[in-house]
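Everything below belongs to model_22.txt, which stores compact mmCIF, C-alpha atoms.
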# COMPACT_ATOMS: atom_id res chain seq x y z
CA THR A 19 111.00 -18.38 115.25
CA SER A 20 108.57 -18.48 118.15
CA PHE A 21 109.13 -16.49 121.33
CA HIS A 22 108.63 -17.85 124.83
CA PRO A 23 109.16 -15.82 128.03
CA THR A 24 111.26 -18.56 129.65
CA SER A 25 113.93 -17.99 127.01
CA LEU A 26 114.73 -14.64 128.65
CA ILE A 27 115.34 -15.98 132.16
CA GLY A 28 118.72 -14.73 133.31
CA SER A 29 118.95 -12.26 130.43
CA PRO A 30 119.52 -8.49 130.78
CA LEU A 31 115.79 -8.02 130.32
CA SER A 32 114.95 -10.17 133.33
CA VAL A 33 117.56 -8.29 135.38
CA CYS A 34 115.93 -5.02 134.30
CA MET A 35 112.54 -6.22 135.50
CA ALA A 36 113.96 -7.16 138.87
CA THR A 37 115.84 -3.89 139.40
CA GLU A 38 114.39 -1.03 137.38
CA PHE A 39 110.74 -1.96 138.02
CA PRO A 40 110.71 -3.62 141.48
CA LEU A 41 107.44 -2.07 142.62
CA ARG A 42 105.61 -2.91 139.39
CA PHE A 43 107.33 -6.19 138.57
CA ALA A 44 104.22 -8.33 138.12
CA THR A 45 102.51 -5.90 135.74
CA LEU A 46 105.45 -4.53 133.77
CA GLY A 47 107.35 -7.81 133.72
CA ARG A 48 104.79 -9.48 131.48
CA ARG A 49 104.62 -6.40 129.27
CA CYS A 50 108.42 -6.18 128.92
CA PHE A 51 108.54 -9.83 127.83
CA ALA A 52 105.86 -9.14 125.24
CA SER A 53 107.57 -5.93 124.10
CA ALA A 54 110.83 -7.79 123.47
CA ALA A 55 109.04 -9.82 120.82
CA MET A 56 106.93 -6.98 119.37
CA THR A 57 109.77 -4.96 117.85
CA LYS A 58 111.31 -6.79 114.91
CA ARG A 59 111.81 -4.10 112.27
CA VAL A 60 113.27 -0.71 113.12
CA GLY A 61 113.59 2.40 111.00
CA VAL A 62 116.33 4.99 111.56
CA VAL A 63 115.93 8.36 109.83
CA GLY A 64 119.12 10.36 109.50
CA CYS A 65 122.32 8.52 108.55
CA GLY A 66 124.88 10.75 110.19
CA GLN A 67 127.09 9.67 113.07
CA MET A 68 124.23 9.17 115.53
CA GLY A 69 121.81 7.49 113.15
CA THR A 70 124.48 5.11 111.86
CA GLY A 71 125.41 4.19 115.43
CA ILE A 72 121.77 3.50 116.29
CA ALA A 73 121.43 1.30 113.21
CA ILE A 74 124.54 -0.63 114.28
CA VAL A 75 123.32 -1.45 117.80
CA ALA A 76 119.83 -2.30 116.53
CA ALA A 77 121.19 -4.75 113.95
CA ARG A 78 124.18 -6.10 115.88
CA ASN A 79 123.04 -6.25 119.51
CA ALA A 80 119.28 -6.64 119.08
CA GLY A 81 119.47 -8.65 115.83
CA LEU A 82 116.75 -6.52 114.24
CA GLU A 83 116.06 -5.71 110.62
CA VAL A 84 116.89 -2.04 110.08
CA LEU A 85 115.74 0.38 107.39
CA ALA A 86 118.09 3.39 107.39
CA LEU A 87 116.72 6.47 105.62
CA ASP A 88 118.19 9.81 104.63
CA LYS A 89 117.38 12.41 101.97
CA PHE A 90 121.03 12.87 100.96
CA ALA A 91 122.71 10.16 98.86
CA PRO A 92 126.25 10.94 100.15
CA SER A 93 125.05 10.41 103.74
CA LEU A 94 123.64 7.02 102.80
CA GLU A 95 126.90 6.04 101.10
CA ARG A 96 129.06 7.17 104.02
CA SER A 97 126.85 5.36 106.51
CA GLY A 98 126.98 2.12 104.53
CA GLN A 99 130.76 2.33 104.28
CA PHE A 100 131.09 3.06 108.00
CA VAL A 101 128.96 0.01 108.84
CA ARG A 102 131.09 -2.24 106.62
CA ASP A 103 134.32 -0.84 108.07
CA TRP A 104 133.00 -1.23 111.62
CA ALA A 105 132.06 -4.85 110.98
CA SER A 106 135.48 -5.55 109.45
CA LYS A 107 137.18 -4.15 112.56
CA GLU A 108 135.00 -6.32 114.79
CA VAL A 109 136.07 -9.39 112.82
CA LYS A 110 139.76 -8.45 113.17
CA LYS A 111 139.27 -8.01 116.92
CA GLY A 112 137.74 -11.48 117.16
CA ARG A 113 134.33 -10.17 118.25
CA MET A 114 132.54 -11.37 115.11
CA THR A 115 133.02 -14.15 112.61
CA GLU A 116 132.98 -13.48 108.89
CA ALA A 117 129.52 -15.10 108.75
CA ASP A 118 128.27 -12.94 111.61
CA SER A 119 129.64 -9.86 109.88
CA ALA A 120 127.89 -10.64 106.60
CA SER A 121 124.64 -11.34 108.40
CA PHE A 122 124.90 -8.12 110.40
CA VAL A 123 125.63 -5.94 107.37
CA GLY A 124 122.76 -7.59 105.51
CA ARG A 125 120.29 -6.64 108.23
CA ILE A 126 120.76 -2.91 107.50
CA ARG A 127 119.10 -1.71 104.31
CA TYR A 128 119.30 1.84 103.01
CA GLY A 129 116.76 4.05 101.30
CA ASN A 130 116.25 7.66 100.27
CA LEU A 131 113.42 9.62 101.88
CA ASP A 132 112.49 10.89 98.42
CA ASP A 133 112.35 7.39 96.92
CA GLN A 134 108.72 6.24 96.87
CA VAL A 135 109.75 2.61 96.39
CA ALA A 136 112.02 2.64 99.44
CA MET A 137 109.40 4.45 101.52
CA LYS A 138 106.89 1.66 100.94
CA ASP A 139 108.83 -0.39 103.49
CA VAL A 140 107.94 2.13 106.21
CA ALA A 141 104.54 0.43 106.47
CA MET A 142 106.32 -2.70 107.78
CA LEU A 143 108.20 -0.99 110.61
CA ASP A 144 107.42 -1.53 114.29
CA PHE A 145 109.56 1.32 115.61
CA VAL A 146 111.09 4.40 113.98
CA ILE A 147 113.89 6.50 115.51
CA GLU A 148 114.49 9.96 114.07
CA ALA A 149 118.11 11.12 114.29
CA VAL A 150 118.37 14.23 112.12
CA SER A 151 119.79 17.62 113.10
CA GLU A 152 118.65 19.34 116.29
CA ASP A 153 116.06 21.50 114.55
CA LEU A 154 112.33 21.48 115.34
CA GLU A 155 111.10 21.90 111.77
CA ALA A 156 113.58 19.37 110.34
CA LYS A 157 112.34 16.78 112.81
CA ARG A 158 108.69 17.54 112.13
CA ALA A 159 109.35 17.15 108.40
CA VAL A 160 110.71 13.65 109.09
CA PHE A 161 107.66 12.73 111.15
CA LYS A 162 105.39 13.84 108.31
CA SER A 163 107.39 11.82 105.78
CA VAL A 164 107.21 8.54 107.70
CA LEU A 165 103.57 9.00 108.67
CA ASP A 166 102.58 9.88 105.10
CA ALA A 167 104.47 6.75 103.98
CA GLY A 168 102.10 4.61 106.06
CA LEU A 169 103.78 4.01 109.42
CA PRO A 170 101.25 1.80 111.25
CA SER A 171 99.28 3.40 114.08
CA ARG A 172 100.50 0.67 116.45
CA SER A 173 104.15 1.56 115.76
CA ILE A 174 106.23 3.83 117.97
CA LEU A 175 107.85 7.01 116.68
CA ALA A 176 110.88 8.15 118.69
CA THR A 177 113.22 11.12 118.47
CA ASN A 178 116.91 11.21 119.34
CA THR A 179 116.66 14.87 120.38
CA SER A 180 119.06 15.95 123.09
CA SER A 181 117.11 19.01 124.24
CA ILE A 182 113.87 19.80 122.35
CA SER A 183 110.63 19.19 124.26
CA ILE A 184 109.05 15.83 123.45
CA THR A 185 105.60 17.32 124.03
CA LYS A 186 106.36 20.16 121.61
CA LEU A 187 107.69 17.75 118.98
CA SER A 188 104.58 15.57 119.27
CA ALA A 189 102.19 18.50 118.83
CA GLY A 190 100.06 17.89 115.77
CA LEU A 191 100.76 14.16 115.63
CA GLU A 192 97.66 11.98 115.38
CA ARG A 193 98.93 9.59 118.07
CA PRO A 194 101.15 11.54 120.50
CA GLU A 195 100.79 8.71 123.00
CA ARG A 196 103.00 6.60 120.70
CA PHE A 197 105.76 9.23 120.63
CA ILE A 198 108.81 9.24 122.93
CA GLY A 199 112.36 10.54 123.29
CA MET A 200 115.41 8.27 123.02
CA HIS A 201 118.57 10.29 123.62
CA PHE A 202 121.50 8.05 122.65
CA MET A 203 124.99 9.04 123.71
CA ASN A 204 127.87 9.44 121.26
CA PRO A 205 129.50 7.22 120.08
CA VAL A 206 126.42 5.01 120.16
CA PRO A 207 128.12 1.59 119.82
CA VAL A 208 130.37 2.43 122.80
CA MET A 209 128.33 4.49 125.26
CA PRO A 210 126.08 2.30 127.44
CA LEU A 211 123.24 4.74 128.19
CA VAL A 212 120.02 5.81 126.50
CA GLU A 213 118.12 8.64 128.16
CA VAL A 214 114.40 7.91 127.68
CA ILE A 215 112.07 10.91 127.83
CA ARG A 216 108.32 10.72 128.21
CA GLY A 217 106.22 13.50 126.71
CA LEU A 218 103.13 14.73 128.52
CA ARG A 219 100.95 12.35 126.46
CA THR A 220 103.35 9.39 126.07
CA ASP A 221 101.54 6.30 127.34
CA GLU A 222 102.92 3.57 129.60
CA ASP A 223 102.96 0.89 126.91
CA THR A 224 105.14 3.08 124.68
CA HIS A 225 107.50 3.69 127.59
CA VAL A 226 107.76 -0.03 128.43
CA GLN A 227 108.30 -1.06 124.81
CA THR A 228 111.02 1.59 124.43
CA LEU A 229 112.83 0.36 127.55
CA ALA A 230 112.66 -3.20 126.21
CA LEU A 231 114.16 -2.09 122.88
CA CYS A 232 116.98 -0.26 124.67
CA ILE A 233 117.81 -3.38 126.66
CA ALA A 234 117.74 -5.52 123.50
CA MET A 235 120.25 -3.05 122.03
CA GLY A 236 122.53 -3.70 125.00
CA LYS A 237 121.86 -0.33 126.64
CA GLU A 238 121.07 0.80 130.16
CA THR A 239 118.42 3.47 130.57
CA SER A 240 117.45 6.46 132.65
CA THR A 241 113.97 7.96 132.34
CA SER A 242 113.40 11.71 132.42
CA GLU A 243 110.31 13.83 132.50
CA ASP A 244 109.92 16.29 129.63
CA ARG A 245 111.89 19.24 130.97
CA PRO A 246 114.42 21.42 129.08
CA GLY A 247 117.70 19.56 128.65
CA PHE A 248 116.25 16.45 130.30
CA ILE A 249 118.82 14.99 132.72
CA ALA A 250 122.14 14.75 130.89
CA ASN A 251 122.27 18.08 129.11
CA ARG A 252 120.56 20.03 131.90
CA ILE A 253 123.68 19.22 133.95
CA LEU A 254 126.40 18.71 131.33
CA MET A 255 125.94 21.74 129.07
CA PRO A 256 126.13 24.44 131.76
CA TYR A 257 129.34 22.74 132.95
CA ILE A 258 130.82 22.96 129.45
CA ASN A 259 129.51 26.50 129.00
CA GLU A 260 131.16 27.63 132.26
CA ALA A 261 134.47 26.14 131.10
CA ILE A 262 134.17 28.23 127.92
CA PHE A 263 133.48 31.34 130.01
CA ALA A 264 136.64 30.55 132.03
CA LEU A 265 138.65 30.30 128.80
CA GLN A 266 137.09 33.49 127.45
CA GLU A 267 137.92 35.41 130.65
CA GLY A 268 141.54 34.21 130.65
CA VAL A 269 141.23 32.21 133.86
CA ALA A 270 143.41 29.51 132.30
CA THR A 271 144.39 27.99 128.96
CA ALA A 272 142.27 25.31 127.33
CA ASP A 273 144.90 22.70 128.24
CA ASP A 274 144.95 23.75 131.89
CA ILE A 275 141.16 23.87 132.18
CA ASP A 276 140.84 20.37 130.75
CA ARG A 277 143.75 19.01 132.77
CA CYS A 278 142.32 20.42 135.99
CA LEU A 279 138.90 18.83 135.48
CA LYS A 280 140.20 15.57 134.06
CA LEU A 281 142.80 14.86 136.73
CA GLY A 282 141.06 16.71 139.54
CA THR A 283 137.60 15.15 139.20
CA GLY A 284 138.33 11.85 137.45
CA VAL A 285 136.31 12.51 134.29
CA PRO A 286 137.66 10.78 131.15
CA MET A 287 138.12 14.05 129.23
CA GLY A 288 138.04 17.75 130.04
CA PRO A 289 135.02 19.94 129.22
CA LEU A 290 136.59 21.72 126.23
CA THR A 291 137.77 18.46 124.65
CA LEU A 292 134.30 17.05 125.24
CA ALA A 293 132.71 20.10 123.63
CA ASP A 294 134.89 19.64 120.55
CA PHE A 295 133.86 15.99 120.39
CA ILE A 296 130.13 16.75 120.76
CA GLY A 297 130.27 19.62 118.26
CA LEU A 298 130.25 23.27 119.27
CA ASP A 299 127.16 23.93 117.14
CA THR A 300 125.31 21.23 119.07
CA CYS A 301 126.47 22.69 122.39
CA LEU A 302 125.29 26.14 121.35
CA SER A 303 121.93 24.83 120.17
CA ILE A 304 121.30 23.11 123.50
CA MET A 305 122.38 26.15 125.53
CA LYS A 306 119.97 28.30 123.52
CA VAL A 307 117.12 25.90 124.33
CA LEU A 308 118.00 25.93 128.04
CA HIS A 309 118.27 29.72 128.08
CA GLN A 310 115.02 30.27 126.20
CA ASP A 311 112.89 27.63 127.91
CA LEU A 312 114.14 28.08 131.48
CA GLY A 313 114.55 31.85 131.28
CA ASP A 314 117.51 31.97 133.65
CA SER A 315 120.60 34.02 132.78
CA LYS A 316 122.86 31.27 134.13
CA TYR A 317 122.13 29.39 130.88
CA ARG A 318 123.29 32.27 128.65
CA PRO A 319 125.64 30.82 125.98
CA ALA A 320 129.23 32.02 126.34
CA PRO A 321 129.97 34.66 123.66
CA LEU A 322 133.16 32.77 122.75
CA LEU A 323 131.07 29.69 121.96
CA VAL A 324 128.88 31.80 119.68
CA ASN A 325 131.99 33.25 117.99
CA TYR A 326 133.48 29.82 117.30
CA VAL A 327 130.26 28.52 115.78
CA GLU A 328 129.92 31.62 113.60
CA ALA A 329 133.52 31.09 112.43
CA GLY A 330 132.74 27.50 111.46
CA TRP A 331 135.03 26.13 114.17
CA LEU A 332 132.73 23.36 115.33
CA GLY A 333 135.23 20.99 116.92
CA LYS A 334 136.61 17.68 115.80
CA LYS A 335 134.26 17.30 112.83
CA THR A 336 135.69 20.47 111.22
CA LYS A 337 139.23 19.79 112.52
CA ARG A 338 139.18 23.04 114.48
CA GLY A 339 137.52 23.97 117.75
CA PHE A 340 139.16 24.67 121.09
CA TYR A 341 141.88 22.38 119.75
CA SER A 342 143.16 21.59 116.24
CA TYR A 343 142.76 18.06 114.84
What would the structure in this file look like if it were written as structure tokens?
Amino acid sequence: TSFHPTSLIGSPLSVCMATEFPLRFATLGRRCFASAAMTKRVGVVGCGQMGTGIAIVAARNAGLEVLALDKFAPSLERSGQFVRDWASKEVKKGRMTEADSASFVGRIRYGNLDDQVAMKDVAMLDFVIEAVSEDLEAKRAVFKSVLDAGLPSRSILATNTSSISITKLSAGLERPERFIGMHFMNPVPVMPLVEVIRGLRTDEDTHVQTLALCIAMGKETSTSEDRPGFIANRILMPYINEAIFALQEGVATADDIDRCLKLGTGVPMGPLTLADFIGLDTCLSIMKVLHQDLGDSKYRPAPLLVNYVEAGWLGKKTKRGFYSY
């Protein structure tokens, strides 16, 4: 179908142009309209909880064709089942019809990173979002795979990193100006924000097209410069880490710490519950990045956090963290 800018009048995109870009409305407005039509096929690499959530909002909210890739067959199977179960729940809640559900599920296709036939479709993608584990080399291996598979030079490559430098991740890429950070919040279908991070060499067109994709996915955005932890984790993780120090030092029980912060400050869950939900290994990884890159002892990971991760008590996903599940 053809696209015409007037079809977006009154849409979230037009609201974005009038609020997020007021000083550059005339220039960026036209580019946002164009960007909304440019992205039609999205790739998501990494079919864990985050990658599956990203695939859902891309296919459901933005109506895009999605190619979901992973190197592990069980991950692909679990992701596909989660998508079908999620769609079934949406139908039962009256948010989707059976026809809508079938169409939505059909827009997400799965492929193995080691399957040369599946990887041929990478050459047709407009935008790829990497969502593998928070490890520099693992992410770089994904970038190499999709670029070797023929990702077009015009396409944007994004990372869902929550803490690793975008500039560092883009080092060695042929087109670092087409690389950007998109930090989705968990659970992706529920949380309304995407933190967008520009690397030192990310160009304005890439930034604008990324904002347009976020809006098409039904998300609000905040843009951060490429600094350790960006916005969210620069503030959130030291808060969680200090709560763990308080538990370690016997200031209060886990229940009392969480109750105090939840009822005393109005947050939806206490810091230790939140840490269990995020994953204690993820919390530790981010604190290590903050400590190493900022060089300030206030970012030193709590020894108790290190102990729990070494014991394999990673939170809700392992059924044991600061609480049992």
What would the list of residues within 9 Å of (130.3, -1.7, 108.5) (file frame) look like as a CSV table (one decimal) with C-alpha atoms, in the frame of the given file, if all atoms listed in the file are what count?
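Dumped to point39.csv:
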chain,number,residue,atom,x,y,z
A,74,ILE,CA,124.5,-0.6,114.3
A,97,SER,CA,126.8,5.4,106.5
A,98,GLY,CA,127.0,2.1,104.5
A,99,GLN,CA,130.8,2.3,104.3
A,100,PHE,CA,131.1,3.1,108.0
A,101,VAL,CA,129.0,0.0,108.8
A,102,ARG,CA,131.1,-2.2,106.6
A,103,ASP,CA,134.3,-0.8,108.1
A,104,TRP,CA,133.0,-1.2,111.6
A,105,ALA,CA,132.1,-4.8,111.0
A,106,SER,CA,135.5,-5.6,109.4
A,107,LYS,CA,137.2,-4.2,112.6
A,119,SER,CA,129.6,-9.9,109.9
A,122,PHE,CA,124.9,-8.1,110.4
A,123,VAL,CA,125.6,-5.9,107.4
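Among the candidates A:Lys280, A:Arg216, A:Lys186, A:Arg59, the one nearest to Asp139 in chain A when counting all atoms listed in the file is A:Arg59.
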Distance CA of Leu191 in chain A-CA of Gly61 in chain A, one decimal place?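 It comes out at 18.0 Å.
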Who sits within 7 Å of range 125-133 of chain A, only C-alpha atoms, same chain under 3 positions skipped, as a PyMOL selection string: chain A and resi 77+82-89+94+121-122+136-137
With all atoms listed in the file as the basis for distance, which of A:Glu116, A:Val63, A:Asn204, A:Ile184 is at the shortest distance from Ala156 in chain A? A:Val63
CA of Trp331 in chain A and CA of Pro319 in chain A are how many Å apart?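 A separation of 15.8 Å between them.
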To one decimal in Å, tell me the separation between CA of Gly297 in chain A and CA of Leu231 in chain A. 27.4 Å
So that I can see what lies close to Lys316 in chain A, please list as a list in words the residues with an atom at most 12 Å from it, counting all atoms listed in the file and leaving out residues fewer than 4 positions away in the same chain.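 Surrounding residues, per the criterion: Arg252, Met255, Pro256, Tyr257, Asn259, Glu260, Phe263, Met305, Lys306, Leu308, His309, Gln310, Leu312 and Ala320 of chain A.
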